[in-house]
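Structure below is model20.txt: compact mmCIF, C-alpha atoms.
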# COMPACT_ATOMS: atom_id res chain seq x y z
CA MET C 421 12.63 6.24 15.09
CA ARG C 422 10.71 3.32 16.50
CA VAL C 423 7.35 3.69 14.75
CA LEU C 424 4.02 1.98 15.38
CA LEU C 425 2.21 1.69 12.04
CA THR C 426 -1.48 0.85 12.44
CA GLY C 427 -3.15 -0.70 9.41
CA HIS C 428 0.15 -2.12 8.19
CA GLN C 429 -1.68 -4.95 6.38
CA GLY C 430 -3.98 -2.59 4.51
CA TYR C 431 -3.79 -1.01 1.07
CA LEU C 432 -1.71 2.01 2.15
CA GLY C 433 0.16 0.37 5.02
CA THR C 434 1.57 -2.32 2.74
CA VAL C 435 3.11 0.39 0.56
CA MET C 436 4.19 2.61 3.47
CA ALA C 437 5.96 0.03 5.66
CA PRO C 438 8.89 -0.59 3.27
CA VAL C 439 9.27 3.15 2.63
CA LEU C 440 9.65 3.76 6.36
CA ALA C 441 12.04 0.84 6.74
CA ALA C 442 14.16 2.06 3.84
CA ALA C 443 14.45 5.42 5.62
CA GLY C 444 16.01 3.63 8.59
CA HIS C 445 13.03 3.46 10.93
CA ASP C 446 12.22 0.48 13.15
CA VAL C 447 8.64 -0.28 12.12
CA VAL C 448 6.20 -2.28 14.25
CA GLY C 449 2.81 -3.11 12.75
CA LEU C 450 -0.63 -3.32 14.33
CA ASP C 451 -3.61 -4.56 12.34
CA ALA C 452 -6.83 -6.50 12.88
CA GLY C 453 -5.95 -8.52 9.77
CA LEU C 454 -9.37 -8.23 8.13
CA PHE C 455 -7.80 -7.51 4.73
CA ALA C 456 -4.43 -9.22 5.12
CA ASP C 457 -5.32 -11.83 2.49
CA CYS C 458 -6.55 -9.36 -0.14
CA LEU C 459 -3.46 -10.03 -2.21
CA LEU C 460 -2.66 -9.44 -5.87
CA GLY C 461 0.89 -10.36 -6.75
CA PRO C 462 3.76 -11.41 -4.50
CA THR C 463 3.05 -11.59 -0.77
CA PRO C 464 4.69 -8.56 0.88
CA ALA C 465 7.31 -8.87 3.61
CA ASP C 466 5.38 -7.31 6.48
CA PRO C 467 7.21 -5.70 9.37
CA PRO C 468 6.99 -7.41 12.76
CA GLY C 469 3.51 -6.83 14.04
CA ARG C 470 0.57 -7.83 16.16
CA ARG C 471 -2.93 -8.83 15.10
CA VAL C 472 -4.95 -6.53 17.34
CA ASP C 473 -8.30 -4.85 16.83
CA LEU C 474 -7.91 -1.08 17.13
CA ARG C 475 -10.58 -1.11 19.83
CA ASP C 476 -8.42 -3.43 21.95
CA VAL C 477 -5.16 -1.48 21.92
CA THR C 478 -3.49 -1.16 25.32
CA ALA C 479 -0.63 0.88 26.76
CA GLU C 480 1.65 -2.09 26.05
CA HIS C 481 1.24 -1.63 22.32
CA VAL C 482 2.52 1.96 22.33
CA ALA C 483 5.20 1.59 25.01
CA GLY C 484 8.66 2.46 23.75
CA MET C 485 7.45 4.06 20.50
CA ASP C 486 8.82 7.37 19.29
CA ALA C 487 5.97 7.94 16.87
CA VAL C 488 2.64 6.51 15.74
CA ILE C 489 1.40 6.54 12.16
CA HIS C 490 -2.30 5.83 12.35
CA LEU C 491 -3.82 4.49 9.13
CA ALA C 492 -6.22 1.84 10.47
CA ALA C 493 -9.92 2.57 9.86
CA LEU C 494 -13.09 1.37 8.23
CA SER C 495 -12.07 2.95 5.04
CA ASN C 496 -14.74 3.90 2.58
CA ASP C 497 -18.02 5.76 2.32
CA PRO C 498 -20.39 2.89 1.37
CA LEU C 499 -19.16 0.86 4.34
CA GLY C 500 -19.49 3.85 6.66
CA SER C 501 -23.05 4.46 5.53
CA LEU C 502 -23.93 0.78 6.00
CA ALA C 503 -22.58 0.69 9.56
CA PRO C 504 -22.30 4.27 10.87
CA ASP C 505 -22.16 3.22 14.53
CA LEU C 506 -19.21 0.93 13.86
CA THR C 507 -17.54 3.64 11.81
CA TYR C 508 -17.70 6.07 14.73
CA ASP C 509 -16.69 3.39 17.25
CA ILE C 510 -13.60 2.35 15.30
CA ASN C 511 -12.62 5.42 13.30
CA HIS C 512 -13.39 8.00 15.99
CA HIS C 513 -13.49 6.62 19.52
CA ALA C 514 -10.79 3.96 19.12
CA SER C 515 -8.52 6.41 17.27
CA VAL C 516 -8.73 9.01 20.02
CA ARG C 517 -8.17 6.34 22.67
CA LEU C 518 -5.03 5.23 20.80
CA ALA C 519 -3.80 8.84 20.75
CA ARG C 520 -4.35 9.26 24.49
CA LEU C 521 -2.45 6.06 25.21
CA ALA C 522 0.35 7.22 22.93
CA ARG C 523 0.57 10.63 24.60
CA ASP C 524 0.61 9.07 28.06
CA ALA C 525 3.36 6.66 26.96
CA GLY C 526 5.60 9.52 25.86
CA VAL C 527 5.08 9.20 22.09
CA ARG C 528 6.07 12.56 20.67
CA ARG C 529 4.63 12.51 17.14
CA PHE C 530 1.26 11.16 15.98
CA LEU C 531 0.60 11.22 12.24
CA TYR C 532 -3.09 10.80 11.56
CA ALA C 533 -4.41 9.67 8.18
CA SER C 534 -7.32 12.02 7.56
CA THR C 535 -8.91 12.75 4.18
CA CYS C 536 -9.71 15.55 1.77
CA SER C 537 -13.31 14.33 1.82
CA VAL C 538 -13.72 16.38 5.01
CA TYR C 539 -14.38 19.29 2.62
CA GLY C 540 -17.45 17.57 1.22
CA ALA C 541 -19.39 19.57 -1.35
CA ALA C 542 -17.00 22.50 -1.39
CA GLY C 543 -18.35 23.88 -4.67
CA GLY C 544 -17.01 26.92 -6.49
CA ASP C 545 -13.93 27.28 -8.64
CA GLU C 546 -11.41 28.10 -5.91
CA LEU C 547 -8.89 25.53 -4.73
CA VAL C 548 -9.72 24.33 -1.23
CA THR C 549 -7.07 25.06 1.40
CA GLU C 550 -6.74 23.57 4.86
CA ASP C 551 -8.54 26.61 6.29
CA ALA C 552 -11.72 25.98 4.28
CA PRO C 553 -14.94 25.05 6.12
CA LEU C 554 -15.28 21.34 6.76
CA ARG C 555 -18.51 19.95 5.30
CA PRO C 556 -18.35 16.14 5.56
CA VAL C 557 -21.28 14.39 3.88
CA THR C 558 -20.63 10.78 5.00
CA PRO C 559 -20.08 9.05 8.36
CA TYR C 560 -16.54 8.19 7.21
CA ALA C 561 -15.60 11.83 6.61
CA GLU C 562 -17.45 12.98 9.73
CA SER C 563 -15.45 10.53 11.84
CA LYS C 564 -12.23 12.04 10.48
CA VAL C 565 -13.33 15.57 11.43
CA ARG C 566 -14.14 14.44 14.96
CA VAL C 567 -10.74 12.80 15.41
CA GLU C 568 -8.94 15.92 14.20
CA ASP C 569 -10.87 18.00 16.73
CA ASP C 570 -10.08 15.62 19.59
CA LEU C 571 -6.40 15.34 18.66
CA ASN C 572 -6.16 19.11 18.67
CA ALA C 573 -7.32 19.06 22.31
CA LEU C 574 -4.58 16.53 23.16
CA ALA C 575 -1.73 18.51 21.57
CA ASP C 576 0.82 19.92 24.00
CA ASP C 577 4.53 20.66 24.28
CA ASP C 578 5.39 16.97 24.27
CA PHE C 579 2.75 15.49 21.95
CA SER C 580 2.51 16.62 18.33
CA PRO C 581 -0.45 15.39 16.29
CA VAL C 582 -0.34 16.02 12.53
CA TYR C 583 -3.42 15.74 10.33
CA MET C 584 -2.57 14.32 6.92
CA ARG C 585 -5.61 14.95 4.72
CA ASN C 586 -4.94 12.54 1.88
CA ALA C 587 -6.54 12.99 -1.50
CA THR C 588 -8.26 9.90 -2.92
CA ALA C 589 -5.60 7.23 -3.22
CA PHE C 590 -4.76 5.28 -6.36
CA GLY C 591 -2.07 2.94 -7.60
CA TYR C 592 -0.87 -0.61 -7.21
CA SER C 593 -0.40 -2.17 -3.79
CA PRO C 594 0.17 -5.88 -3.15
CA ARG C 595 -2.92 -5.59 -0.92
CA LEU C 596 -5.16 -4.10 -3.55
CA ARG C 597 -8.31 -2.05 -3.19
CA ALA C 598 -10.63 -2.01 -6.19
CA ASP C 599 -13.27 0.21 -4.59
CA ILE C 600 -11.46 3.51 -5.10
CA VAL C 601 -12.08 5.42 -8.26
CA LEU C 602 -9.01 5.00 -10.49
CA ASN C 603 -8.29 1.43 -9.38
CA ASN C 604 -11.92 0.55 -10.00
CA LEU C 605 -12.17 2.12 -13.44
CA VAL C 606 -8.97 0.47 -14.67
CA GLY C 607 -10.23 -2.92 -13.48
CA HIS C 608 -13.57 -2.49 -15.22
CA ALA C 609 -11.82 -1.41 -18.41
CA LEU C 610 -9.58 -4.48 -18.51
CA LEU C 611 -12.26 -6.97 -17.55
CA SER C 612 -15.11 -5.63 -19.68
CA GLY C 613 -13.58 -3.32 -22.27
CA GLU C 614 -15.66 -0.48 -20.82
CA VAL C 615 -14.78 2.41 -18.53
CA LEU C 616 -18.05 2.57 -16.63
CA VAL C 617 -18.96 5.78 -14.77
CA LEU C 618 -22.23 5.64 -12.85
CA SER C 619 -22.27 9.31 -11.86
CA ASP C 620 -22.61 12.11 -14.38
CA GLY C 621 -18.83 12.48 -14.48
CA THR C 622 -18.79 16.15 -13.46
CA PRO C 623 -17.55 16.03 -9.83
CA TRP C 624 -13.97 17.08 -9.17
CA ARG C 625 -11.69 14.67 -7.36
CA PRO C 626 -8.19 15.21 -5.99
CA LEU C 627 -6.13 12.03 -6.43
CA VAL C 628 -2.77 10.91 -5.02
CA HIS C 629 -0.70 7.78 -5.54
CA ALA C 630 -0.22 5.43 -2.57
CA ALA C 631 3.56 5.75 -2.94
CA ASP C 632 3.35 9.54 -2.72
CA ILE C 633 1.25 9.24 0.44
CA ALA C 634 3.95 7.00 1.90
CA ARG C 635 6.66 9.49 1.01
CA ALA C 636 4.66 12.34 2.54
CA PHE C 637 4.23 10.50 5.83
CA ALA C 638 7.92 9.62 5.91
CA ALA C 639 8.76 13.29 5.38
CA ALA C 640 6.34 14.49 8.08
CA LEU C 641 7.70 11.92 10.52
CA THR C 642 11.11 13.62 10.71
CA ALA C 643 10.14 17.22 9.89
CA PRO C 644 11.02 19.93 12.43
CA ARG C 645 8.37 20.08 15.14
CA GLU C 646 7.56 23.72 14.46
CA ALA C 647 6.79 22.92 10.83
CA VAL C 648 4.11 20.30 11.51
CA HIS C 649 2.93 20.49 15.13
CA ASP C 650 -0.88 20.39 15.40
CA ARG C 651 -1.31 21.30 11.73
CA ALA C 652 -3.48 19.94 8.94
CA PHE C 653 -1.97 19.25 5.52
CA ASN C 654 -3.63 18.35 2.24
CA ILE C 655 -1.59 15.55 0.66
CA GLY C 656 -1.54 15.39 -3.11
CA SER C 657 -0.78 17.50 -6.18
CA GLU C 658 -2.79 20.11 -8.05
CA VAL C 659 -2.10 18.35 -11.36
CA ASN C 660 -4.20 15.46 -10.07
CA ASN C 661 -7.29 17.58 -9.45
CA VAL C 662 -9.47 15.99 -12.14
CA THR C 663 -13.12 15.38 -12.90
CA VAL C 664 -14.42 11.83 -12.86
CA ALA C 665 -14.97 12.09 -16.62
CA GLU C 666 -11.32 13.11 -17.08
CA ILE C 667 -10.22 10.14 -14.98
CA ALA C 668 -12.27 7.88 -17.26
CA GLU C 669 -10.58 9.31 -20.35
CA GLN C 670 -7.12 8.70 -18.83
CA VAL C 671 -8.13 5.09 -18.15
CA ALA C 672 -9.33 4.64 -21.73
CA GLU C 673 -5.94 5.81 -22.95
CA ALA C 674 -4.15 3.37 -20.61
CA VAL C 675 -6.29 0.36 -21.57
CA SER C 676 -6.20 -0.04 -25.30
CA GLY C 677 -9.62 -0.55 -26.86
CA ALA C 678 -11.62 0.41 -23.77
CA LYS C 679 -14.57 2.75 -24.31
CA VAL C 680 -15.90 5.31 -21.85
CA ARG C 681 -19.56 5.00 -20.86
CA ILE C 682 -21.01 7.60 -18.51
CA THR C 683 -24.48 6.46 -17.46
CA GLY C 684 -25.35 9.13 -14.91
CA GLU C 685 -27.67 6.63 -13.22
CA ASN C 686 -26.42 7.62 -9.76
CA GLY C 687 -26.91 11.31 -10.48
CA ALA C 688 -24.53 14.08 -9.54
CA ASP C 689 -22.22 13.12 -6.67
CA PRO C 690 -22.41 15.76 -3.89
CA ARG C 691 -18.70 15.32 -3.16
CA SER C 692 -16.93 17.70 -5.51
CA TYR C 693 -13.84 19.71 -4.67
CA ARG C 694 -10.47 20.78 -6.01
CA VAL C 695 -7.68 21.04 -3.48
CA ASP C 696 -4.67 23.26 -2.83
CA PHE C 697 -1.62 21.29 -1.68
CA ALA C 698 0.84 24.17 -1.27
CA ARG C 699 0.98 24.14 2.54
CA PHE C 700 2.76 20.79 2.77
CA ARG C 701 5.30 21.76 0.10
CA ALA C 702 6.00 25.01 1.99
CA ALA C 703 6.40 23.21 5.31
CA LEU C 704 8.68 20.53 3.84
CA PRO C 705 10.72 22.17 1.07
CA GLY C 706 11.77 19.73 -1.61
CA PHE C 707 8.74 17.48 -1.31
CA ASP C 708 6.42 17.02 -4.27
CA CYS C 709 4.30 14.20 -5.58
CA GLU C 710 5.83 12.10 -8.34
CA TRP C 711 2.86 10.25 -9.84
CA THR C 712 0.21 11.52 -12.24
CA VAL C 713 -3.20 9.95 -12.83
CA LYS C 714 -2.09 8.81 -16.29
CA GLN C 715 1.02 7.10 -14.91
CA GLY C 716 -1.07 5.43 -12.23
CA ALA C 717 -3.57 4.12 -14.76
CA LEU C 718 -0.77 2.58 -16.82
CA GLU C 719 0.84 1.07 -13.71
CA LEU C 720 -2.46 -0.49 -12.60
CA ALA C 721 -3.22 -1.88 -16.03
CA ASP C 722 0.21 -3.51 -16.19
CA ALA C 723 -0.12 -4.97 -12.69
CA TYR C 724 -3.62 -6.30 -13.33
CA ARG C 725 -2.40 -8.05 -16.47
CA GLU C 726 0.82 -9.37 -14.90
CA PHE C 727 -0.86 -10.82 -11.83
CA GLY C 728 -3.95 -12.14 -13.57
CA LEU C 729 -6.78 -10.07 -12.11
CA THR C 730 -10.09 -11.92 -12.43
CA ARG C 731 -13.63 -10.58 -12.25
CA ASP C 732 -14.41 -12.64 -9.16
CA ALA C 733 -11.37 -11.31 -7.29
CA PHE C 734 -12.06 -7.77 -8.49
CA GLU C 735 -15.61 -7.83 -7.14
CA ARG C 736 -15.11 -9.94 -4.01
CA ARG C 737 -11.52 -9.98 -2.77
CA PHE C 738 -10.60 -6.38 -3.47
CA THR C 739 -13.83 -4.62 -2.49
CA ARG C 740 -13.89 -3.84 1.23
CA LEU C 741 -17.64 -4.14 1.69
CA ALA C 742 -17.74 -7.52 -0.09
CA VAL C 743 -14.86 -8.87 2.00
CA LEU C 744 -16.53 -7.94 5.27
CA ARG C 745 -19.91 -9.27 4.18
CA ALA C 746 -18.36 -12.59 3.20
CA ALA C 747 -16.46 -12.86 6.49
CA THR C 748 -19.63 -12.11 8.43
CA GLU C 749 -21.75 -14.59 6.47
CA ALA C 750 -19.08 -17.27 6.95
CA GLY C 751 -19.09 -16.68 10.69
CA ALA C 752 -15.43 -15.63 10.74
CA VAL C 753 -16.29 -12.25 12.26
CA ASP C 754 -19.25 -11.16 14.34
CA ASP C 755 -21.59 -8.26 13.66
CA THR C 756 -19.15 -5.85 15.32
CA LEU C 757 -16.44 -6.96 12.85
CA ARG C 758 -14.39 -8.69 15.52
CA TRP C 759 -12.82 -12.07 14.82
CA ARG C 760 -14.70 -14.91 16.49
CA ARG C 761 -12.55 -16.78 18.97
Would you kindly transcribe this structure into structure tokens?
Amino acid sequence: MRVLLTGHQGYLGTVMAPVLAAAGHDVVGLDAGLFADCLLGPTPADPPGRRVDLRDVTAEHVAGMDAVIHLAALSNDPLGSLAPDLTYDINHHASVRLARLARDAGVRRFLYASTCSVYGAAGGDELVTEDAPLRPVTPYAESKVRVEDDLNALADDDFSPVYMRNATAFGYSPRLRADIVLNNLVGHALLSGEVLVLSDGTPWRPLVHAADIARAFAAALTAPREAVHDRAFNIGSEVNNVTVAEIAEQVAEAVSGAKVRITGENGADPRSYRVDFARFRAALPGFDCEWTVKQGALELADAYREFGLTRDAFERRFTRLAVLRAATEAGAVDDTLRWRR
């Protein structure tokens, strides 16, 4: 297929692009480039692409595409809470506009990167399925729910949206993010000798490796239409449903000498849920995730050592909010996060 991959210069897109290319697809990237220089390790060989803000996409950008994989977004909860209007403008309105343009251009499959955080404070001991009530507690998660609803209204015989509700990502990417839980804890452990947990450690988190997300999208891209059309799928593995305290212990095992310290200063996180991932395995027989949290912690620790992670880079270059603040203060982007001409 000829595939438009939005967010190809982001944390997930940098891992996904070569997976799609290896499967024989013709990948074209589209990215605003805000995080293109957030590099740790060798510079990746990006697919051909255009530097375009998601809000400025036109029919030209989707013409001739067989499918769209839409990853691009303002991508974490602190950022969404800081700028909720921008989060809705980019994550919701621009995403739906992209989908409409894709449908009108004859694109047949639209894979949307949603999130398991749409379940919010699910509570209880039962595993959350795709049919559970959606209780988003942040602007980021709320924007994902709104896009799913609007894509559902666009679905027809010729246009198949698929809602890929990813668990919290982890793992090495050449364009690193240090503001997601496992990546963050491993970095703190290496740089300080301490696995620092600011919550009380009790919330449940479903985790999934970036490479497994890439494999899942590649599988959904070519799955039979009847298996995926207008359906939501949780992406991850039940073995990676873990509490934050358990994640910290896995990190301590991966980073020799590191000690776990749970301060509880931020209180109990309202986002707590364990997730059922059986639907995707049933729809695509033979697919399963390959990475565990422990393996991911070891991989990250090795990569951080090999590529010389520093405290300054960890806190500034690989934290989304810090990158955007620095770009704004330097005058490189305006207060709407658009590049200045």
Which residue gives the smallest distance to C:Gly684 among C:Gln670, C:Gln715, C:Thr663, C:Thr622, with all atoms listed in the file counted?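 For C:Gly684, the nearest of the candidates is C:Thr622.
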Counting all atoms listed in the file, find the residues whose atoms lie at most 9 Å from (-4.9, 15.0, 13.0) (file coordinates) and write them out as a ChimeraX atom specification. /C:530-534,564-565,567-572,581-585,650-652
Given 3 Å on each side, where is the centre and what are the edge lengths in Å to one decimal of the axis-aligned box enclosing the listed atoms of stretch 429-436 of chain C, as JSON?
{"center_x": 0.1, "center_y": -1.2, "center_z": 3.5, "size_x": 14.2, "size_y": 13.6, "size_z": 11.8}
If we count only C-alpha atoms, what is near C:Leu432 at a cut-off of 12 Å, once residues fewer than 2 positions away on the same chain are taken out, given as JSON, numbers by chain? {"C": [425, 426, 427, 428, 429, 430, 434, 435, 436, 437, 438, 439, 455, 456, 489, 490, 491, 492, 493, 495, 533, 586, 588, 589, 590, 591, 592, 593, 594, 595, 596, 597, 628, 629, 630, 631, 632, 633, 634, 635, 637]}
Selection near C:Ala717, 10 Å with all atoms listed in the file, sequence-local residues under 4 positions removed, as a PDB file with C-alpha atoms, keeping the file's coordinate frame:
ATOM      1  CA  PHE C 590      -4.760   5.280  -6.360  1.00  0.00           C
ATOM      2  CA  GLY C 591      -2.070   2.940  -7.600  1.00  0.00           C
ATOM      3  CA  TYR C 592      -0.870  -0.610  -7.210  1.00  0.00           C
ATOM      4  CA  LEU C 602      -9.010   5.000 -10.490  1.00  0.00           C
ATOM      5  CA  ASN C 603      -8.290   1.430  -9.380  1.00  0.00           C
ATOM      6  CA  LEU C 605     -12.170   2.120 -13.440  1.00  0.00           C
ATOM      7  CA  VAL C 606      -8.970   0.470 -14.670  1.00  0.00           C
ATOM      8  CA  GLY C 607     -10.230  -2.920 -13.480  1.00  0.00           C
ATOM      9  CA  ILE C 667     -10.220  10.140 -14.980  1.00  0.00           C
ATOM     10  CA  ALA C 668     -12.270   7.880 -17.260  1.00  0.00           C
ATOM     11  CA  GLN C 670      -7.120   8.700 -18.830  1.00  0.00           C
ATOM     12  CA  VAL C 671      -8.130   5.090 -18.150  1.00  0.00           C
ATOM     13  CA  ALA C 672      -9.330   4.640 -21.730  1.00  0.00           C
ATOM     14  CA  GLU C 673      -5.940   5.810 -22.950  1.00  0.00           C
ATOM     15  CA  ALA C 674      -4.150   3.370 -20.610  1.00  0.00           C
ATOM     16  CA  VAL C 675      -6.290   0.360 -21.570  1.00  0.00           C
ATOM     17  CA  THR C 712       0.210  11.520 -12.240  1.00  0.00           C
ATOM     18  CA  VAL C 713      -3.200   9.950 -12.830  1.00  0.00           C
ATOM     19  CA  ALA C 721      -3.220  -1.880 -16.030  1.00  0.00           C
ATOM     20  CA  ASP C 722       0.210  -3.510 -16.190  1.00  0.00           C
ATOM     21  CA  ALA C 723      -0.120  -4.970 -12.690  1.00  0.00           C
TER      22      ALA C 723
END
Mind pulling up the distance from atom CA of C:Ala561 to atom CA of C:Leu744?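 That distance, rounded to one decimal, is 19.8 Å.
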Would you pick out the contacts of C:Gly613 at 9 Å or less, using only C-alpha atoms, so that residues sharing its chain but fewer than 5 positions from it are not included, and give the list as a list in words?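 Listed by chain and then number, they are His608, Val675, Ser676, Gly677, Ala678, Lys679 and Val680 of chain C.
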Two-atom distance - atom CA of C:Ala665, atom CA of C:Glu719 (Å):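 Computing it gives 19.5 Å between the two atoms.
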Best match for closeness to C:Leu729 among C:Leu618, C:Ala609, C:Ala483, C:Val488, counting all atoms listed in the file: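 The shortest atom-to-atom distance to C:Leu729 comes from C:Ala609.
Taking all atoms listed in the file into account, the residues near (-17.9, -7.9, 12.7), no farther than 12 Å, are Ala452, Leu454, Asp473, Leu494, Ala503, Leu506, Thr507, Ile510, Leu741, Val743, Leu744, Arg745, Ala746, Ala747, Thr748, Glu749, Ala750, Gly751, Ala752, Val753, Asp754, Asp755, Thr756, Leu757, Arg758, Trp759 and Arg760 of chain C.
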Same residues, C-alpha atoms, output as a PDB file, in the coordinates of the input:
ATOM      1  CA  ALA C 452      -6.830  -6.500  12.880  1.00  0.00           C
ATOM      2  CA  LEU C 454      -9.370  -8.230   8.130  1.00  0.00           C
ATOM      3  CA  ASP C 473      -8.300  -4.850  16.830  1.00  0.00           C
ATOM      4  CA  LEU C 494     -13.090   1.370   8.230  1.00  0.00           C
ATOM      5  CA  ALA C 503     -22.580   0.690   9.560  1.00  0.00           C
ATOM      6  CA  LEU C 506     -19.210   0.930  13.860  1.00  0.00           C
ATOM      7  CA  THR C 507     -17.540   3.640  11.810  1.00  0.00           C
ATOM      8  CA  ILE C 510     -13.600   2.350  15.300  1.00  0.00           C
ATOM      9  CA  LEU C 741     -17.640  -4.140   1.690  1.00  0.00           C
ATOM     10  CA  VAL C 743     -14.860  -8.870   2.000  1.00  0.00           C
ATOM     11  CA  LEU C 744     -16.530  -7.940   5.270  1.00  0.00           C
ATOM     12  CA  ARG C 745     -19.910  -9.270   4.180  1.00  0.00           C
ATOM     13  CA  ALA C 746     -18.360 -12.590   3.200  1.00  0.00           C
ATOM     14  CA  ALA C 747     -16.460 -12.860   6.490  1.00  0.00           C
ATOM     15  CA  THR C 748     -19.630 -12.110   8.430  1.00  0.00           C
ATOM     16  CA  GLU C 749     -21.750 -14.590   6.470  1.00  0.00           C
ATOM     17  CA  ALA C 750     -19.080 -17.270   6.950  1.00  0.00           C
ATOM     18  CA  GLY C 751     -19.090 -16.680  10.690  1.00  0.00           C
ATOM     19  CA  ALA C 752     -15.430 -15.630  10.740  1.00  0.00           C
ATOM     20  CA  VAL C 753     -16.290 -12.250  12.260  1.00  0.00           C
ATOM     21  CA  ASP C 754     -19.250 -11.160  14.340  1.00  0.00           C
ATOM     22  CA  ASP C 755     -21.590  -8.260  13.660  1.00  0.00           C
ATOM     23  CA  THR C 756     -19.150  -5.850  15.320  1.00  0.00           C
ATOM     24  CA  LEU C 757     -16.440  -6.960  12.850  1.00  0.00           C
ATOM     25  CA  ARG C 758     -14.390  -8.690  15.520  1.00  0.00           C
ATOM     26  CA  TRP C 759     -12.820 -12.070  14.820  1.00  0.00           C
ATOM     27  CA  ARG C 760     -14.700 -14.910  16.490  1.00  0.00           C
TER      28      ARG C 760
END
Could you name the residues that touch C:Ser563 at 7 Å or less, counting all atoms listed in the file, but leaving out those on the same chain fewer than 5 positions away, as a list in words? Tyr508, Asn511 and His512 of chain C
Which residues come within 9 Å of stretch 441-445 of chain C, counting all atoms listed in the file, excluding same-chain residues fewer than 4 positions away, as a short mmCIF file (atom, residue, chain, number, x, y, z; two decimals) with C-alpha atoms, in the coordinates of the input?
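Result file is around-v8.cif:
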data_model
loop_
_atom_site.label_atom_id
_atom_site.label_comp_id
_atom_site.auth_asym_id
_atom_site.auth_seq_id
_atom_site.Cartn_x
_atom_site.Cartn_y
_atom_site.Cartn_z
CA MET C 421 12.63 6.24 15.09
CA ARG C 422 10.71 3.32 16.50
CA VAL C 423 7.35 3.69 14.75
CA MET C 436 4.19 2.61 3.47
CA ALA C 437 5.96 0.03 5.66
CA PRO C 467 7.21 -5.70 9.37
CA ALA C 638 7.92 9.62 5.91
#
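The residue that comes closest to C:Asp696, out of C:Asp446, C:Glu646, C:Arg681, C:Tyr539 and on the basis of only C-alpha atoms, is C:Tyr539.
If you measure from each of C:Pro462, C:Pro626, C:Pro644, C:Pro468 to C:Ser537 using all atoms listed in the file, the closest one turns out to be C:Pro626.
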Measure the distance from atom CA of C:Phe697 to atom CA of C:Leu627 in Å and round it to one decimal. 11.3 Å
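Closest approach to C:Arg529 among C:Glu562, C:Asp551, C:Asp505, C:Asp576 is made by C:Asp576 (distances from all atoms listed in the file).
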Nearest candidate to C:Ala598 (options C:Arg694, C:Asp732, C:Ala703, C:Ala465; using all atoms listed in the file):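 Residue with the minimum atom-to-atom distance to C:Ala598: C:Asp732.
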Please, could N, CA and C atoms be added to stretch 729-741 of chain C and the result written as a JSON list (two decimals), in the coordinates of the input?
[["chain", "number", "residue", "atom", "x", "y", "z"],
["C", 729, "LEU", "N", -5.55, -10.50, -12.77],
["C", 729, "LEU", "CA", -6.78, -10.07, -12.11],
["C", 729, "LEU", "C", -7.99, -10.73, -12.77],
["C", 730, "THR", "N", -8.86, -11.30, -11.94],
["C", 730, "THR", "CA", -10.09, -11.92, -12.43],
["C", 730, "THR", "C", -11.30, -11.10, -11.97],
["C", 731, "ARG", "N", -12.42, -11.31, -12.64],
["C", 731, "ARG", "CA", -13.63, -10.58, -12.25],
["C", 731, "ARG", "C", -14.08, -10.95, -10.84],
["C", 732, "ASP", "N", -13.98, -12.22, -10.49],
["C", 732, "ASP", "CA", -14.41, -12.64, -9.16],
["C", 732, "ASP", "C", -13.56, -11.97, -8.08],
["C", 733, "ALA", "N", -12.25, -11.95, -8.28],
["C", 733, "ALA", "CA", -11.37, -11.31, -7.29],
["C", 733, "ALA", "C", -11.62, -9.80, -7.25],
["C", 734, "PHE", "N", -11.82, -9.22, -8.41],
["C", 734, "PHE", "CA", -12.06, -7.77, -8.49],
["C", 734, "PHE", "C", -13.29, -7.38, -7.68],
["C", 735, "GLU", "N", -14.34, -8.18, -7.79],
["C", 735, "GLU", "CA", -15.61, -7.83, -7.14],
["C", 735, "GLU", "C", -15.69, -8.30, -5.69],
["C", 736, "ARG", "N", -14.95, -9.35, -5.34],
["C", 736, "ARG", "CA", -15.11, -9.94, -4.01],
["C", 736, "ARG", "C", -13.89, -9.73, -3.11],
["C", 737, "ARG", "N", -12.70, -10.02, -3.62],
["C", 737, "ARG", "CA", -11.52, -9.98, -2.77],
["C", 737, "ARG", "C", -10.99, -8.57, -2.56],
["C", 738, "PHE", "N", -11.21, -7.69, -3.53],
["C", 738, "PHE", "CA", -10.60, -6.38, -3.47],
["C", 738, "PHE", "C", -11.60, -5.25, -3.24],
["C", 739, "THR", "N", -12.81, -5.60, -2.85],
["C", 739, "THR", "CA", -13.83, -4.62, -2.49],
["C", 739, "THR", "C", -14.12, -4.77, -1.01],
["C", 740, "ARG", "N", -13.83, -3.74, -0.22],
["C", 740, "ARG", "CA", -13.89, -3.84, 1.23],
["C", 740, "ARG", "C", -15.25, -4.34, 1.74],
["C", 741, "LEU", "N", -16.31, -3.77, 1.22],
["C", 741, "LEU", "CA", -17.64, -4.14, 1.69],
["C", 741, "LEU", "C", -17.91, -5.61, 1.42]]
